[in-house]
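Participant: This is protein38.cif (mmCIF, C-alpha atoms).
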data_my_file
loop_
_atom_site.label_atom_id
_atom_site.label_comp_id
_atom_site.auth_asym_id
_atom_site.auth_seq_id
_atom_site.Cartn_x
_atom_site.Cartn_y
_atom_site.Cartn_z
CA MET A 1 -16.29 57.35 -85.27
CA SER A 2 -16.44 53.56 -84.89
CA ALA A 3 -17.63 50.85 -87.25
CA ALA A 4 -19.68 47.80 -86.33
CA GLY A 5 -17.74 44.61 -86.84
CA CYS A 6 -14.34 46.31 -87.00
CA VAL A 7 -11.91 44.39 -84.83
CA LEU A 8 -9.86 47.52 -84.10
CA CYS A 9 -12.99 49.43 -83.02
CA GLU A 10 -14.14 46.58 -80.82
CA THR A 11 -10.88 45.27 -79.34
CA ASP A 12 -7.53 46.77 -78.36
CA GLY A 13 -5.71 44.79 -81.04
CA GLY A 14 -2.73 44.01 -78.83
CA LEU A 15 -1.28 44.85 -75.44
CA VAL A 16 -1.94 48.56 -74.92
CA VAL A 17 1.25 50.30 -73.80
CA ALA A 18 0.12 53.90 -74.29
CA ARG A 19 -3.07 55.72 -75.16
CA THR A 20 -3.83 59.30 -76.15
CA PRO A 21 -7.12 60.84 -77.31
CA GLU A 22 -6.03 60.33 -80.94
CA PHE A 23 -4.45 56.87 -80.91
CA ARG A 24 -3.20 53.94 -78.89
CA VAL A 25 0.12 52.10 -79.11
CA VAL A 26 -0.05 48.35 -78.72
CA ARG A 27 2.53 45.60 -78.68
CA VAL A 28 1.76 42.51 -80.72
CA VAL A 29 1.76 39.74 -78.15
CA ASP A 30 -0.10 36.85 -79.75
CA GLY A 31 0.82 34.16 -82.17
CA GLU A 32 3.57 33.69 -84.66
CA GLU A 33 4.18 37.40 -85.30
CA ALA A 34 4.98 38.08 -81.66
CA ARG A 35 7.20 35.02 -81.46
CA ARG A 36 9.16 35.81 -84.62
CA PHE A 37 9.26 39.62 -84.33
CA PRO A 38 9.41 40.43 -80.66
CA ALA A 39 9.55 44.22 -80.92
CA PHE A 40 6.49 44.62 -83.10
CA TYR A 41 4.27 47.55 -82.16
CA ARG A 42 1.24 49.13 -83.77
CA LEU A 43 -0.10 52.65 -83.62
CA ILE A 44 -3.87 52.33 -83.98
CA TRP A 45 -5.84 55.47 -84.76
CA ALA A 46 -8.76 55.91 -82.35
CA HIS A 47 -11.38 56.84 -84.91
CA HIS A 48 -12.37 54.46 -87.65
CA VAL A 49 -10.84 55.79 -90.86
CA ALA A 50 -9.58 53.53 -93.60
CA GLU A 51 -6.86 55.48 -95.36
CA PHE A 52 -4.07 57.71 -94.12
CA SER A 53 -5.27 60.42 -96.50
CA ASP A 54 -8.64 60.42 -94.72
CA LEU A 55 -6.94 62.30 -91.88
CA LYS A 56 -6.64 66.07 -91.92
CA ALA A 57 -3.10 67.45 -92.13
CA THR A 58 -2.67 68.17 -88.42
CA ASP A 59 -3.73 64.64 -87.55
CA ARG A 60 -1.45 63.14 -90.20
CA HIS A 61 1.48 65.04 -88.77
CA LEU A 62 0.56 64.08 -85.22
CA CYS A 63 0.20 60.45 -86.31
CA MET A 64 3.57 60.28 -88.03
CA ASP A 65 5.28 62.21 -85.22
CA ALA A 66 4.03 59.44 -82.94
CA VAL A 67 5.21 56.72 -85.33
CA THR A 68 8.58 58.48 -85.33
CA GLU A 69 8.68 58.46 -81.54
CA ILE A 70 8.00 54.71 -81.53
CA GLU A 71 10.79 54.22 -84.05
CA ARG A 72 13.16 56.29 -81.91
CA VAL A 73 12.43 54.25 -78.80
CA LEU A 74 13.03 51.02 -80.71
CA ARG A 75 16.30 52.34 -82.15
CA SER A 76 17.49 53.70 -78.85
CA LEU A 77 16.78 50.65 -76.72
CA LEU A 78 17.18 47.78 -79.19
CA ALA A 79 19.61 48.99 -81.92
CA PRO A 80 17.77 47.07 -84.65
CA ALA A 81 19.27 46.51 -88.09
CA LYS A 82 16.26 48.37 -89.51
CA VAL A 83 12.85 49.62 -88.51
CA ASN A 84 9.94 48.68 -90.75
CA ILE A 85 6.88 50.93 -90.93
CA ALA A 86 3.72 50.06 -92.82
CA SER A 87 0.06 50.94 -93.11
CA LEU A 88 -1.67 48.22 -95.10
CA GLY A 89 -5.15 47.48 -93.74
CA ASN A 90 -6.38 45.23 -96.52
CA VAL A 91 -7.94 42.86 -94.01
CA VAL A 92 -8.75 45.41 -91.29
CA PRO A 93 -9.34 48.76 -92.97
CA HIS A 94 -9.00 50.82 -89.79
CA LEU A 95 -5.90 53.01 -89.90
CA HIS A 96 -3.01 51.39 -88.07
CA TRP A 97 0.73 51.61 -88.52
CA HIS A 98 2.95 48.61 -87.99
CA VAL A 99 6.29 49.61 -86.47
CA ALA A 100 8.62 46.65 -86.18
CA ALA A 101 12.25 46.44 -85.15
CA ARG A 102 14.10 44.06 -87.43
CA PHE A 103 17.29 42.17 -86.71
CA VAL A 104 19.70 40.30 -88.94
CA TRP A 105 18.96 37.20 -86.89
CA ASP A 106 15.17 37.33 -87.08
CA SER A 107 13.55 34.53 -89.03
CA HIS A 108 12.65 36.70 -92.04
CA PHE A 109 15.38 39.34 -92.34
CA PRO A 110 15.93 40.98 -94.80
CA ALA A 111 12.57 39.94 -96.21
CA PRO A 112 9.41 41.72 -95.03
CA VAL A 113 7.67 40.16 -92.04
CA TRP A 114 4.85 39.10 -94.37
CA ALA A 115 7.13 37.19 -96.74
CA ALA A 116 8.53 33.69 -96.46
CA ALA A 117 10.93 32.89 -93.62
CA GLN A 118 14.62 33.00 -94.48
CA ARG A 119 15.85 30.83 -91.60
CA ASP A 120 14.70 28.98 -88.51
CA GLU A 121 13.14 30.86 -85.66
CA VAL A 122 15.24 31.71 -82.61
CA PRO A 123 14.79 28.75 -80.24
CA GLY A 124 12.67 29.72 -77.29
CA GLY A 125 11.39 32.90 -78.91
CA ALA A 126 13.20 35.91 -80.30
CA ALA A 127 12.46 38.20 -77.35
CA ALA A 128 15.30 36.62 -75.38
CA ARG A 129 17.82 37.97 -77.90
CA LEU A 130 16.85 41.58 -77.36
CA ARG A 131 19.17 43.90 -75.43
CA VAL A 132 16.50 44.75 -72.90
CA PRO A 133 13.23 43.17 -71.83
CA LEU A 134 10.19 44.22 -73.83
CA THR A 135 8.60 45.56 -70.68
CA GLU A 136 11.34 48.20 -70.68
CA VAL A 137 10.44 49.18 -74.22
CA ASP A 138 6.78 49.33 -73.23
CA GLU A 139 7.65 51.62 -70.32
CA ALA A 140 9.74 53.91 -72.52
CA LEU A 141 6.82 54.21 -74.93
CA LEU A 142 4.44 55.01 -72.11
CA ALA A 143 6.83 57.70 -70.90
CA VAL A 144 6.99 59.27 -74.38
CA PHE A 145 3.24 59.44 -74.82
CA ARG A 146 2.28 60.30 -71.28
CA PHE A 147 3.74 63.79 -71.60
CA MET B 1 24.31 62.97 -99.00
CA SER B 2 24.86 59.86 -101.12
CA ALA B 3 26.36 56.48 -100.34
CA ALA B 4 28.68 54.46 -102.53
CA GLY B 5 27.09 51.23 -103.65
CA CYS B 6 23.54 52.32 -102.79
CA VAL B 7 21.25 51.42 -105.67
CA LEU B 8 18.90 54.31 -104.86
CA CYS B 9 21.79 56.80 -104.83
CA GLU B 10 23.15 55.47 -108.09
CA THR B 11 20.01 54.71 -110.10
CA ASP B 12 16.49 56.16 -110.33
CA GLY B 13 14.95 52.96 -108.96
CA GLY B 14 12.00 53.05 -111.36
CA LEU B 15 10.38 55.25 -113.98
CA VAL B 16 10.66 58.81 -112.64
CA VAL B 17 7.29 60.55 -112.88
CA ALA B 18 8.07 63.58 -110.71
CA ARG B 19 11.09 65.07 -109.01
CA THR B 20 11.52 67.79 -106.40
CA PRO B 21 14.66 68.91 -104.56
CA GLU B 22 13.71 66.62 -101.64
CA PHE B 23 12.48 63.45 -103.35
CA ARG B 24 11.48 61.74 -106.56
CA VAL B 25 8.38 59.69 -107.33
CA VAL B 26 8.91 56.62 -109.46
CA ARG B 27 6.61 53.98 -110.86
CA VAL B 28 7.74 50.38 -110.52
CA VAL B 29 7.96 49.19 -114.10
CA ASP B 30 10.12 46.09 -114.01
CA GLY B 31 9.53 42.48 -113.19
CA GLU B 32 6.90 40.61 -111.31
CA GLU B 33 5.94 43.47 -109.01
CA ALA B 34 4.99 45.73 -111.89
CA ARG B 35 3.07 42.94 -113.60
CA ARG B 36 1.14 41.93 -110.48
CA PHE B 37 0.64 45.38 -108.92
CA PRO B 38 0.30 47.84 -111.74
CA ALA B 39 -0.19 51.02 -109.74
CA PHE B 40 2.88 50.64 -107.56
CA TYR B 41 4.78 53.86 -106.91
CA ARG B 42 7.67 54.77 -104.67
CA LEU B 43 8.67 58.05 -103.10
CA ILE B 44 12.45 57.98 -102.82
CA TRP B 45 14.12 60.55 -100.59
CA ALA B 46 16.91 62.37 -102.43
CA HIS B 47 19.49 62.22 -99.66
CA HIS B 48 20.78 58.94 -98.37
CA VAL B 49 19.21 58.42 -94.97
CA ALA B 50 18.24 55.00 -93.67
CA GLU B 51 15.40 55.59 -91.27
CA PHE B 52 12.37 57.86 -91.35
CA SER B 53 13.34 59.22 -87.94
CA ASP B 54 16.66 60.40 -89.42
CA LEU B 55 14.71 63.24 -91.07
CA LYS B 56 14.02 66.47 -89.24
CA ALA B 57 10.39 67.24 -88.50
CA THR B 58 9.79 69.59 -91.42
CA ASP B 59 11.18 67.01 -93.84
CA ARG B 60 9.12 64.23 -92.28
CA HIS B 61 5.98 66.26 -92.72
CA LEU B 62 6.91 67.22 -96.26
CA CYS B 63 7.66 63.56 -97.02
CA MET B 64 4.35 62.27 -95.68
CA ASP B 65 2.39 65.10 -97.27
CA ALA B 66 3.85 63.91 -100.56
CA VAL B 67 3.01 60.27 -99.78
CA THR B 68 -0.52 61.47 -99.04
CA GLU B 69 -0.71 63.25 -102.38
CA ILE B 70 0.33 60.05 -104.15
CA GLU B 71 -2.33 58.14 -102.24
CA ARG B 72 -4.95 60.74 -103.19
CA VAL B 73 -4.10 60.53 -106.88
CA LEU B 74 -4.34 56.72 -106.76
CA ARG B 75 -7.68 56.86 -104.95
CA SER B 76 -9.09 59.51 -107.23
CA LEU B 77 -8.13 57.93 -110.54
CA LEU B 78 -8.18 54.21 -109.74
CA ALA B 79 -10.63 53.72 -106.84
CA PRO B 80 -8.55 50.92 -105.29
CA ALA B 81 -9.90 48.65 -102.57
CA LYS B 82 -7.05 49.89 -100.36
CA VAL B 83 -3.81 51.80 -100.57
CA ASN B 84 -0.76 50.20 -98.97
CA ILE B 85 2.06 52.39 -97.66
CA ALA B 86 5.33 51.03 -96.34
CA SER B 87 8.90 52.03 -95.57
CA LEU B 88 10.94 48.86 -95.08
CA GLY B 89 14.43 49.23 -96.54
CA ASN B 90 15.94 46.05 -95.13
CA VAL B 91 17.66 45.34 -98.43
CA VAL B 92 18.16 48.93 -99.58
CA PRO B 93 18.48 51.13 -96.48
CA HIS B 94 17.84 54.40 -98.30
CA LEU B 95 14.55 55.96 -97.25
CA HIS B 96 11.78 55.12 -99.71
CA TRP B 97 8.04 54.74 -99.30
CA HIS B 98 6.12 52.14 -101.25
CA VAL B 99 2.68 53.41 -102.20
CA ALA B 100 0.63 50.73 -103.93
CA ALA B 101 -3.00 50.68 -105.02
CA ARG B 102 -4.53 47.32 -104.18
CA PHE B 103 -7.55 45.70 -105.81
CA VAL B 104 -9.69 42.77 -104.80
CA TRP B 105 -8.73 41.11 -108.07
CA ASP B 106 -4.95 41.51 -107.74
CA SER B 107 -3.00 38.29 -107.32
CA HIS B 108 -2.26 38.86 -103.61
CA PHE B 109 -5.23 40.73 -102.15
CA PRO B 110 -5.86 40.95 -99.22
CA ALA B 111 -2.37 39.71 -98.40
CA PRO B 112 0.56 42.14 -98.53
CA VAL B 113 2.37 42.37 -101.86
CA TRP B 114 5.33 40.62 -100.22
CA ALA B 115 3.32 37.59 -99.10
CA ALA B 116 2.27 34.53 -101.06
CA ALA B 117 -0.11 34.93 -104.01
CA GLN B 118 -3.77 34.25 -103.28
CA ARG B 119 -4.85 33.61 -106.88
CA ASP B 120 -3.61 33.58 -110.46
CA GLU B 121 -2.32 36.75 -112.02
CA VAL B 122 -4.58 38.72 -114.33
CA PRO B 123 -3.89 37.30 -117.82
CA GLY B 124 -1.93 39.76 -119.91
CA GLY B 125 -0.95 41.89 -116.91
CA ALA B 126 -3.03 43.70 -114.32
CA ALA B 127 -2.59 47.18 -115.81
CA ALA B 128 -5.30 46.45 -118.36
CA ARG B 129 -7.89 46.17 -115.58
CA LEU B 130 -7.30 49.69 -114.30
CA ARG B 131 -9.87 52.41 -114.96
CA VAL B 132 -7.36 54.63 -116.70
CA PRO B 133 -3.97 54.07 -118.31
CA LEU B 134 -1.01 54.34 -115.96
CA THR B 135 0.36 57.17 -118.06
CA GLU B 136 -2.62 59.20 -116.89
CA VAL B 137 -1.72 58.45 -113.27
CA ASP B 138 1.87 59.43 -113.98
CA GLU B 139 0.70 62.73 -115.46
CA ALA B 140 -1.55 63.46 -112.50
CA LEU B 141 1.38 62.86 -110.15
CA LEU B 142 3.61 65.15 -112.18
CA ALA B 143 0.92 67.84 -112.02
CA VAL B 144 0.70 67.53 -108.23
CA PHE B 145 4.43 67.85 -107.66
CA ARG B 146 5.20 70.40 -110.34
CA PHE B 147 3.38 73.14 -108.42
#
Now, as a test, write the supplied structure out as structure tokens.
Facilitator:
Amino acid sequence: MSAAGCVLCETDGGLVVARTPEFRVVRVVDGEEARRFPAFYRLIWAHHVAEFSDLKATDRHLCMDAVTEIERVLRSLLAPAKVNIASLGNVVPHLHWHVAARFVWDSHFPAPVWAAAQRDEVPGGAAARLRVPLTEVDEALLAVFRF
Amino acid sequence: MSAAGCVLCETDGGLVVARTPEFRVVRVVDGEEARRFPAFYRLIWAHHVAEFSDLKATDRHLCMDAVTEIERVLRSLLAPAKVNIASLGNVVPHLHWHVAARFVWDSHFPAPVWAAAQRDEVPGGAAARLRVPLTEVDEALLAVFRF
């Protein structure tokens, strides 16, 4: 169920905002990603599986229903220009979904967060430009997954 | 159901390898992406919706079951190092899922396909390094979605 040396088996991989038996939801809080893309969350599957298709159908549906709930919270509270969802895992092959709210003013929009920057970063960090504090988003996510 | 000026409403957006009432599956065949990432497919939702969470639950499950089938065909025929799945849509906000087989020898691995190259491209195009011709992958996808 866990793999030695896997960073997502051995660490939380971000600030945990909600946890269920099947997965946890974390906010990216470290480094350049957090500074440039303030509402950047990840759903990390509890068990160590590499590919989405390694999950059985009920777990895949549960997983994507949860990703959808994250997206809905981001849309509802932050009104982003777009939500980006991705499961890559080339470096850390432990199933995790990136769910990031994107804004026309973020440093990379409309390019992917992994591409080259399109403009300067928001001075002082992008979080200050959000409609609501990120702690409010965290709390809304906890409320969704607590019930 | 369709939006004026949307490139995915008005064009196929790639080589169509399968089509159902709900979506089409296309292979990326043009430009640098196709040359660098030979087994790069997209599932494009038929109706014009921007975000995954705009779909009702049954459509979301159907959509991701189809993405899973694409992933399974890629894994089965090509044995990639990893499959990358993403719904971004910042430039074209019409729901589409990128499903790309990644290989340790591709020009960007382990970076995302949207990031900077890590090494030179495979001379003559990466498709030649695949286990089977892409037409065989296309046929396998058609077989999956025909039934």
Participant: Applying the PyMOL selection byres ((chain B) within 7 of (chain A)) to the file I just gave you, which residues come out? Please list them as a compact mmCIF listing (two decimals) with C-alpha atoms, in the frame of the given file.
Facilitator:
# COMPACT_ATOMS: atom_id res chain seq x y z
CA SER B 53 13.34 59.22 -87.94
CA HIS B 61 5.98 66.26 -92.72
CA THR B 68 -0.52 61.47 -99.04
CA GLU B 71 -2.33 58.14 -102.24
CA ARG B 72 -4.95 60.74 -103.19
CA LYS B 82 -7.05 49.89 -100.36
CA VAL B 83 -3.81 51.80 -100.57
CA ASN B 84 -0.76 50.20 -98.97
CA ILE B 85 2.06 52.39 -97.66
CA ALA B 86 5.33 51.03 -96.34
CA SER B 87 8.90 52.03 -95.57
CA LEU B 88 10.94 48.86 -95.08
CA ASN B 90 15.94 46.05 -95.13
CA VAL B 91 17.66 45.34 -98.43
CA PRO B 110 -5.86 40.95 -99.22
CA PRO B 112 0.56 42.14 -98.53
CA TRP B 114 5.33 40.62 -100.22
CA ALA B 115 3.32 37.59 -99.10
Participant: Pull out every residue that the PyMOL selection byres ((chain B and resi 106) around 9) matches in the shown coordinates and put them as a list in words.
Facilitator: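 So the PyMOL selection byres ((chain B and resi 106) around 9) ends up selecting Arg36, Phe37, Arg102, Phe103, Val104, Trp105, Ser107, His108, Phe109, Pro110, Ala117, Gln118, Arg119, Asp120, Glu121, Val122 and Ala126 of chain B.
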Participant: Which of these, B:Ala4, B:Val132, B:Ala66, B:Leu95, has the shortest distance to Ile44 in chain B once you count only C-alpha atoms?
Facilitator: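 Among B:Ala4, B:Val132, B:Ala66, B:Leu95, it is B:Leu95 that comes nearest to Ile44 in chain B.
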Participant: Quick one: residues within 7 Å of (15.1, 56.6, -108.1) (file frame), counting all atoms listed in the file, please, as number ranges by chain.
Facilitator: B: 8, 11-14, 16, 24, 26, 44
Participant: For a test of reading the model, state the distance in Å between CA of Leu74 in chain B and CA of Glu22 in chain A, rounded to one decimal.
Facilitator: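 These atoms are spaced 26.1 Å apart.
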Participant: When you count all atoms listed in the file, which of these residues is closest to Ala101 in chain A: A:Leu77, A:Trp45, A:Leu15, A:Glu139?
Facilitator: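 Ranking A:Leu77, A:Trp45, A:Leu15, A:Glu139 by distance to Ala101 in chain A, first place goes to A:Leu77.
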Participant: What's the separation between CA of Ala128 in chain A and CA of Pro80 in chain A, in Å to one decimal place?
Facilitator: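 Calculated distance between CA of Ala128 in chain A and CA of Pro80 in chain A is 14.2 Å.
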